[in-house]
$ cat coords_3.cif   # mmCIF, C-alpha atoms and all ligand atoms
data_upload
#
loop_
_atom_site.label_atom_id
_atom_site.label_comp_id
_atom_site.auth_asym_id
_atom_site.auth_seq_id
_atom_site.Cartn_x
_atom_site.Cartn_y
_atom_site.Cartn_z
CA MET M 1 0.00 0.00 0.00
CA PHE M 2 1.14 3.54 -0.76
CA LEU M 3 2.46 5.43 2.29
CA GLU M 4 2.79 9.18 2.04
CA HIS M 5 6.13 10.91 2.54
CA LEU M 6 4.60 13.94 4.18
CA ARG M 7 6.33 17.14 5.22
CA ASN M 8 4.85 19.97 7.18
CA SER M 9 6.48 23.13 5.93
CA ASP M 10 4.80 24.69 2.90
CA PRO M 11 7.51 24.92 0.23
CA HIS M 12 8.53 21.31 0.80
CA ARG M 13 5.05 19.85 0.89
CA GLY M 14 4.18 20.33 -2.78
CA HIS M 15 4.47 17.21 -4.92
CA ILE M 16 2.57 15.08 -7.46
CA GLU M 17 1.22 11.55 -6.95
CA VAL M 18 -0.29 9.56 -9.84
CA ILE M 19 -2.59 6.54 -9.49
CA CYS M 20 -3.00 4.76 -12.84
CA GLY M 21 -4.33 1.48 -14.16
CA SER M 22 -7.09 -0.10 -16.23
CA MET M 23 -10.78 0.02 -15.56
CA PHE M 24 -11.90 -2.03 -12.53
CA SER M 25 -8.45 -1.65 -10.94
CA GLY M 26 -9.59 0.49 -8.00
CA LYS M 27 -7.96 3.80 -9.08
CA THR M 28 -10.75 6.02 -7.85
CA GLU M 29 -11.09 4.05 -4.61
CA GLU M 30 -7.37 4.64 -3.95
CA LEU M 31 -7.74 8.36 -4.75
CA ILE M 32 -10.67 8.57 -2.32
CA ARG M 33 -8.76 6.69 0.37
CA ARG M 34 -5.92 9.22 0.24
CA LEU M 35 -8.23 12.24 0.09
CA LYS M 36 -10.43 11.09 2.95
CA ARG M 37 -7.41 10.60 5.21
CA ALA M 38 -6.19 14.12 4.36
CA ARG M 39 -9.64 15.50 5.12
CA ILE M 40 -9.78 13.69 8.47
CA ALA M 41 -6.47 15.42 9.27
CA ARG M 42 -8.33 18.74 8.70
CA GLN M 43 -6.42 19.51 5.51
CA LYS M 44 -8.34 21.56 2.95
CA VAL M 45 -9.06 19.25 0.03
CA GLU M 46 -10.50 20.08 -3.41
CA ILE M 47 -11.37 17.49 -6.05
CA PHE M 48 -11.74 18.14 -9.76
CA LYS M 49 -12.86 16.04 -12.70
CA PRO M 50 -13.40 16.75 -16.41
CA LYS M 51 -16.87 17.96 -17.22
CA LEU M 52 -17.54 15.23 -19.79
CA ASP M 53 -17.39 12.48 -17.18
CA THR M 54 -21.01 12.57 -16.09
CA ARG M 55 -21.63 8.85 -15.85
CA TYR M 56 -23.08 8.80 -12.38
CA ASP M 57 -23.34 12.22 -10.87
CA GLU M 58 -22.59 15.83 -11.86
CA VAL M 59 -20.96 16.88 -8.62
CA ASN M 60 -19.47 13.84 -6.92
CA VAL M 61 -16.40 11.77 -7.68
CA VAL M 62 -18.03 8.39 -7.49
CA SER M 63 -16.09 5.20 -7.26
CA HIS M 64 -17.89 2.09 -8.36
CA ASP M 65 -18.67 1.06 -4.80
CA SER M 66 -20.56 4.35 -4.20
CA ASN M 67 -17.87 5.53 -1.76
CA PHE M 68 -18.17 9.12 -2.93
CA ILE M 69 -16.71 12.51 -2.11
CA PRO M 70 -17.80 15.88 -3.55
CA SER M 71 -15.97 17.21 -6.62
CA THR M 72 -16.08 20.12 -9.05
CA PRO M 73 -16.50 19.39 -12.78
CA VAL M 74 -14.27 21.70 -14.90
CA ASP M 75 -14.18 22.47 -18.65
CA SER M 76 -10.42 22.70 -18.94
CA SER M 77 -7.45 21.93 -16.73
CA THR M 78 -6.44 25.61 -16.41
CA ASN M 79 -9.69 26.22 -14.52
CA ILE M 80 -8.24 24.10 -11.72
CA LEU M 81 -5.60 26.80 -11.15
CA LEU M 82 -8.33 29.42 -10.75
CA LEU M 83 -10.55 27.30 -8.52
CA ALA M 84 -7.95 25.75 -6.21
CA ASN M 85 -7.82 28.50 -3.59
CA GLU M 86 -6.10 28.09 -0.24
CA VAL M 87 -6.09 24.33 -0.55
CA GLU M 88 -3.51 21.93 0.78
CA VAL M 89 -4.49 18.90 -1.30
CA VAL M 90 -5.88 18.76 -4.86
CA GLY M 91 -7.38 15.54 -6.25
CA VAL M 92 -7.96 15.02 -9.99
CA ASP M 93 -10.09 12.09 -11.18
CA GLU M 94 -10.46 10.71 -14.74
CA ALA M 95 -7.30 12.62 -15.66
CA GLN M 96 -7.03 10.87 -19.05
CA PHE M 97 -9.93 12.98 -20.33
CA PHE M 98 -8.22 16.29 -19.53
CA ASP M 99 -6.39 18.44 -22.10
CA ASP M 100 -2.62 18.62 -22.63
CA GLU M 101 -2.24 21.51 -20.16
CA LEU M 102 -2.89 19.23 -17.19
CA PRO M 103 0.82 18.44 -16.49
CA ALA M 104 1.72 22.17 -16.42
CA VAL M 105 -1.28 22.88 -14.18
CA CYS M 106 -0.23 20.14 -11.74
CA GLN M 107 3.37 21.41 -11.75
CA ALA M 108 2.16 24.92 -10.91
CA LEU M 109 0.02 23.61 -8.04
CA ALA M 110 2.84 21.47 -6.64
CA ASN M 111 5.23 24.42 -6.90
CA ARG M 112 2.80 26.41 -4.75
CA GLY M 113 3.24 23.80 -2.01
CA ILE M 114 0.10 21.79 -2.81
CA ARG M 115 -0.08 17.99 -2.65
CA VAL M 116 -1.56 16.92 -6.03
CA ILE M 117 -3.08 13.44 -6.41
CA VAL M 118 -4.06 12.45 -9.97
CA ALA M 119 -5.99 9.30 -10.91
CA GLY M 120 -6.60 8.13 -14.47
CA LEU M 121 -6.60 5.38 -17.08
CA ASP M 122 -3.07 4.86 -18.36
CA MET M 123 -4.27 3.20 -21.62
CA ASP M 124 -7.32 3.43 -23.85
CA PHE M 125 -9.34 0.42 -25.11
CA LEU M 126 -6.68 -0.37 -27.74
CA GLY M 127 -3.82 -0.28 -25.24
CA ARG M 128 -2.55 3.16 -26.34
CA PRO M 129 -1.29 5.67 -23.73
CA PHE M 130 -4.24 7.89 -22.88
CA GLY M 131 -4.34 11.72 -23.07
CA PRO M 132 -1.97 13.56 -20.69
CA MET M 133 -1.30 10.45 -18.57
CA PRO M 134 2.19 9.63 -20.00
CA GLN M 135 3.39 13.16 -19.14
CA MET M 136 1.77 12.95 -15.72
CA LEU M 137 3.60 9.69 -15.00
CA ALA M 138 6.90 11.28 -16.02
CA ILE M 139 6.66 14.35 -13.79
CA ALA M 140 5.16 12.71 -10.68
CA GLU M 141 7.24 12.07 -7.56
CA TYR M 142 5.17 8.98 -6.77
CA VAL M 143 3.41 6.58 -9.16
CA SER M 144 1.07 3.75 -8.14
CA LYS M 145 -0.04 1.37 -10.87
CA VAL M 146 -3.02 -0.64 -9.71
CA HIS M 147 -4.37 -3.73 -11.47
CA ALA M 148 -7.65 -5.47 -12.10
CA ILE M 149 -8.04 -9.25 -12.44
CA CYS M 150 -8.29 -10.79 -15.93
CA ILE M 151 -11.79 -12.20 -16.42
CA ARG M 152 -10.47 -14.91 -18.77
CA CYS M 153 -7.53 -16.37 -16.87
CA GLY M 154 -7.33 -14.76 -13.40
CA ASN M 155 -3.90 -13.13 -13.92
CA LEU M 156 -3.32 -9.47 -13.13
CA ALA M 157 -5.05 -7.36 -15.80
CA ASN M 158 -3.87 -4.00 -17.11
CA TYR M 159 -5.99 -3.64 -20.26
CA SER M 160 -9.55 -2.34 -20.58
CA HIS M 161 -11.01 -4.40 -23.42
CA ARG M 162 -14.13 -2.98 -25.10
CA THR M 163 -16.80 -5.60 -25.67
CA VAL M 164 -19.02 -3.53 -28.01
CA GLN M 165 -18.28 -2.39 -31.59
CA ASN M 166 -17.41 1.31 -31.37
CA SER M 167 -14.18 2.88 -32.57
CA SER M 168 -14.42 6.26 -30.79
CA ARG M 169 -11.87 6.73 -28.06
CA ILE M 170 -14.31 7.99 -25.45
CA LEU M 171 -17.44 5.99 -24.78
CA LEU M 172 -19.48 7.30 -21.89
CA GLY M 173 -22.01 5.46 -19.77
CA GLU M 174 -20.01 2.37 -20.36
CA GLN M 175 -19.07 0.23 -17.36
CA GLU M 176 -20.80 -2.78 -18.88
CA SER M 177 -19.00 -2.27 -22.24
CA TYR M 178 -15.54 -3.21 -20.91
CA VAL M 179 -13.80 -6.15 -19.29
CA PRO M 180 -10.34 -6.26 -17.68
CA LEU M 181 -7.82 -8.51 -19.48
CA CYS M 182 -4.16 -9.45 -19.05
CA ARG M 183 -1.66 -8.93 -21.90
CA ALA M 184 -2.00 -12.42 -23.39
CA CYS M 185 -5.81 -12.47 -23.29
CA PHE M 186 -6.00 -8.89 -24.61
CA ASN M 187 -3.78 -9.77 -27.60
CA GLU M 188 -5.92 -12.83 -28.25
CA GLU M 189 -9.08 -10.67 -28.27
CA LEU M 190 -7.54 -8.06 -30.61
CA LYS M 191 -6.67 -10.80 -33.11
CA ASN M 192 -10.27 -11.97 -33.09
CA THR M 193 -11.83 -8.50 -33.39
CA PRO M 194 -11.94 -7.14 -36.96
CA GLY M 195 -11.72 -3.39 -37.45
CA THR M 196 -9.83 -2.41 -34.29
ZN ZN M 201 -5.76 -13.32 -18.99
#

$ encode --input "coords_3.cif" --output "structure tokens" --more "lines below"
Ligand code: ZN
Amino acid sequence: MFLEHLRNSDPHRGHIEVICGSMFSGKTEELIRRLKRARIARQKVEIFKPKLDTRYDEVNVVSHDSNFIPSTPVDSSTNILLLANEVEVVGVDEAQFFDDELPAVCQALANRGIRVIVAGLDMDFLGRPFGPMPQMLAIAEYVSKVHAICIRCGNLANYSHRTVQNSSRILLGEQESYVPLCRACFNEELKNTPGT
């Protein structure tokens, strides 16, 4: 389990943590675990998510076990800089859907002394690095890659395989349209799926 390397004085507290993995890997649950502990310690916490992620609820970051905390939907990552006022911890969920400015925004927040915790899909349904996540992984002090379990063979899974025919990168309202697969089972599926 991830243990924070926390410091008290402001200029040394700022840093970036990234939680990445496939769907069903528990990314959002891990983000919520860290944020709730910070909140219990009376730290001021703000959570942001991209506006397009409206699967369950407009205002709350909702993990799939309904263990939710309030969040602010934003149109673009630069809005986070404007909205994160006098906070000690900033959480970002569904980071893969944000624009390319997200890494610079997180750097600016961390340089202000803010602890930034970013959760997102590292790969899309074809196994390609997703949105600003590669850059986020590069600049973070701490990276946690979490895994799901392959539904075919029971190995650790790090791919989100789409089970419906749709070639667009973003498919909303879609929990039931994906299954977690390991590398071998994912490659097997891709071979058998024409047009991907
Ligand atoms: Zn497998």

$ closest_atom_pairs --input "coords_3.cif" --of "chain M" --to "ligand ZN 201 (chain M)" --cutoff "9 Å" --atoms "all atoms listed in the file" --output "Markdown table"
| residue | atom | partner | partner_atom | distance |
| --- | --- | --- | --- | --- |
| M:Ile149 | CA | M:ZN201 | ZN | 8.0 |
| M:Cys150 | CA | M:ZN201 | ZN | 4.7 |
| M:Ile151 | CA | M:ZN201 | ZN | 6.6 |
| M:Arg152 | CA | M:ZN201 | ZN | 5.0 |
| M:Cys153 | CA | M:ZN201 | ZN | 4.1 |
| M:Gly154 | CA | M:ZN201 | ZN | 6.0 |
| M:Asn155 | CA | M:ZN201 | ZN | 5.4 |
| M:Leu156 | CA | M:ZN201 | ZN | 7.4 |
| M:Ala157 | CA | M:ZN201 | ZN | 6.8 |
| M:Pro180 | CA | M:ZN201 | ZN | 8.5 |
| M:Leu181 | CA | M:ZN201 | ZN | 5.3 |
| M:Cys182 | CA | M:ZN201 | ZN | 4.2 |
| M:Arg183 | CA | M:ZN201 | ZN | 6.7 |
| M:Ala184 | CA | M:ZN201 | ZN | 5.9 |
| M:Cys185 | CA | M:ZN201 | ZN | 4.4 |
| M:Phe186 | CA | M:ZN201 | ZN | 7.2 |

$ residues_around --input "coords_3.cif" --residues "M:Asp122" --least-positions-apart "6" --cutoff "7 Å" --atoms "all atoms listed in the file" --output "number ranges by chain"
M: 20-22, 129-130, 133

$ write_last_selection --input "coords_3.cif" --atoms "C-alpha atoms" --output "PDB file, in the coordinates of the input"
ATOM      1  CA  CYS M  20      -3.000   4.760 -12.840  1.00  0.00           C
ATOM      2  CA  GLY M  21      -4.330   1.480 -14.160  1.00  0.00           C
ATOM      3  CA  SER M  22      -7.090  -0.100 -16.230  1.00  0.00           C
ATOM      4  CA  PRO M 129      -1.290   5.670 -23.730  1.00  0.00           C
ATOM      5  CA  PHE M 130      -4.240   7.890 -22.880  1.00  0.00           C
ATOM      6  CA  MET M 133      -1.300  10.450 -18.570  1.00  0.00           C
TER       7      MET M 133
END

$ closest_residue --input "coords_3.cif" --among "M:Val179, M:Leu35, M:Ile19, M:Cys106" --to "M:Ser160" --atoms "all atoms listed in the file"
M:Val179

$ closest_residue --input "coords_3.cif" --among "M:Met123, M:Ala110, M:Leu137, M:Asn187" --to "M:Arg13" --atoms "all atoms listed in the file"
M:Ala110

$ residues_around --input "coords_3.cif" --residues "M:Leu109" --least-positions-apart "3" --cutoff "10 Å" --atoms "all atoms listed in the file" --output "list in words"
Gly14, His15, Ile16, Ile80, Leu81, Ala84, Val87, Glu88, Val89, Val90, Pro103, Ala104, Val105, Cys106, Arg112, Gly113, Ile114, Arg115 and Val116 of chain M

$ residues_around --input "coords_3.cif" --residues "M:Lys27" --least-positions-apart "4" --cutoff "10 Å" --atoms "all atoms listed in the file" --output "mmCIF file with C-alpha atoms, in the frame of the given file"
data_model
loop_
_atom_site.group_PDB
_atom_site.id
_atom_site.type_symbol
_atom_site.label_atom_id
_atom_site.label_comp_id
_atom_site.auth_asym_id
_atom_site.auth_seq_id
_atom_site.Cartn_x
_atom_site.Cartn_y
_atom_site.Cartn_z
ATOM 1 C CA VAL M 18 -0.290 9.560 -9.840
ATOM 2 C CA ILE M 19 -2.590 6.540 -9.490
ATOM 3 C CA CYS M 20 -3.000 4.760 -12.840
ATOM 4 C CA GLY M 21 -4.330 1.480 -14.160
ATOM 5 C CA SER M 22 -7.090 -0.100 -16.230
ATOM 6 C CA MET M 23 -10.780 0.020 -15.560
ATOM 7 C CA LEU M 31 -7.740 8.360 -4.750
ATOM 8 C CA ILE M 32 -10.670 8.570 -2.320
ATOM 9 C CA ARG M 33 -8.760 6.690 0.370
ATOM 10 C CA SER M 63 -16.090 5.200 -7.260
ATOM 11 C CA ASP M 93 -10.090 12.090 -11.180
ATOM 12 C CA GLU M 94 -10.460 10.710 -14.740
ATOM 13 C CA VAL M 118 -4.060 12.450 -9.970
ATOM 14 C CA ALA M 119 -5.990 9.300 -10.910
ATOM 15 C CA GLY M 120 -6.600 8.130 -14.470
ATOM 16 C CA LEU M 121 -6.600 5.380 -17.080
ATOM 17 C CA SER M 144 1.070 3.750 -8.140
ATOM 18 C CA LYS M 145 -0.040 1.370 -10.870
ATOM 19 C CA VAL M 146 -3.020 -0.640 -9.710
ATOM 20 C CA HIS M 147 -4.370 -3.730 -11.470
ATOM 21 C CA ALA M 148 -7.650 -5.470 -12.100
#

$ atom_distance --input "coords_3.cif" --atom1 "atom CA of M:Gln107" --atom2 "atom CA of M:Gly26"
24.9 Å

$ atom_distance --input "coords_3.cif" --atom1 "atom CA of M:Ser168" --atom2 "atom CA of M:Lys191"
18.9 Å

$ residues_around --input "coords_3.cif" --residues "M:Ile47" --least-positions-apart "3" --cutoff "7 Å" --atoms "only C-alpha atoms" --output "list in words"
Ser71, Thr72, Val90, Gly91 and Val92 of chain M

$ atom_distance --input "coords_3.cif" --atom1 "atom CA of M:Tyr159" --atom2 "atom CA of M:Ala138"
20.2 Å

$ closest_residue --input "coords_3.cif" --among "M:Thr78, M:Glu4, M:Asn166, M:Glu86" --to "M:Val143" --atoms "only C-alpha atoms"
M:Glu4

$ residues_around --input "coords_3.cif" --residues "M:Pro50" --least-positions-apart "3" --cutoff "9 Å" --atoms "only C-alpha atoms" --output "ChimeraX atom specification"
/M:53-54,72-77,92-95,97-98

$ write_last_selection --input "coords_3.cif" --atoms "C-alpha atoms" --output "compact mmCIF listing (two decimals), in the frame of the given file"
# COMPACT_ATOMS: atom_id res chain seq x y z
CA ASP M 53 -17.39 12.48 -17.18
CA THR M 54 -21.01 12.57 -16.09
CA THR M 72 -16.08 20.12 -9.05
CA PRO M 73 -16.50 19.39 -12.78
CA VAL M 74 -14.27 21.70 -14.90
CA ASP M 75 -14.18 22.47 -18.65
CA SER M 76 -10.42 22.70 -18.94
CA SER M 77 -7.45 21.93 -16.73
CA VAL M 92 -7.96 15.02 -9.99
CA ASP M 93 -10.09 12.09 -11.18
CA GLU M 94 -10.46 10.71 -14.74
CA ALA M 95 -7.30 12.62 -15.66
CA PHE M 97 -9.93 12.98 -20.33
CA PHE M 98 -8.22 16.29 -19.53

$ closest_residue --input "coords_3.cif" --among "M:Val45, M:Ile69, M:Leu82, M:Ile170" --to "M:Gln96" --atoms "only C-alpha atoms"
M:Ile170

$ closest_residue --input "coords_3.cif" --among "M:Glu30, M:His161, M:Gln135, M:Ala140" --to "M:Glu176" --atoms "only C-alpha atoms"
M:His161
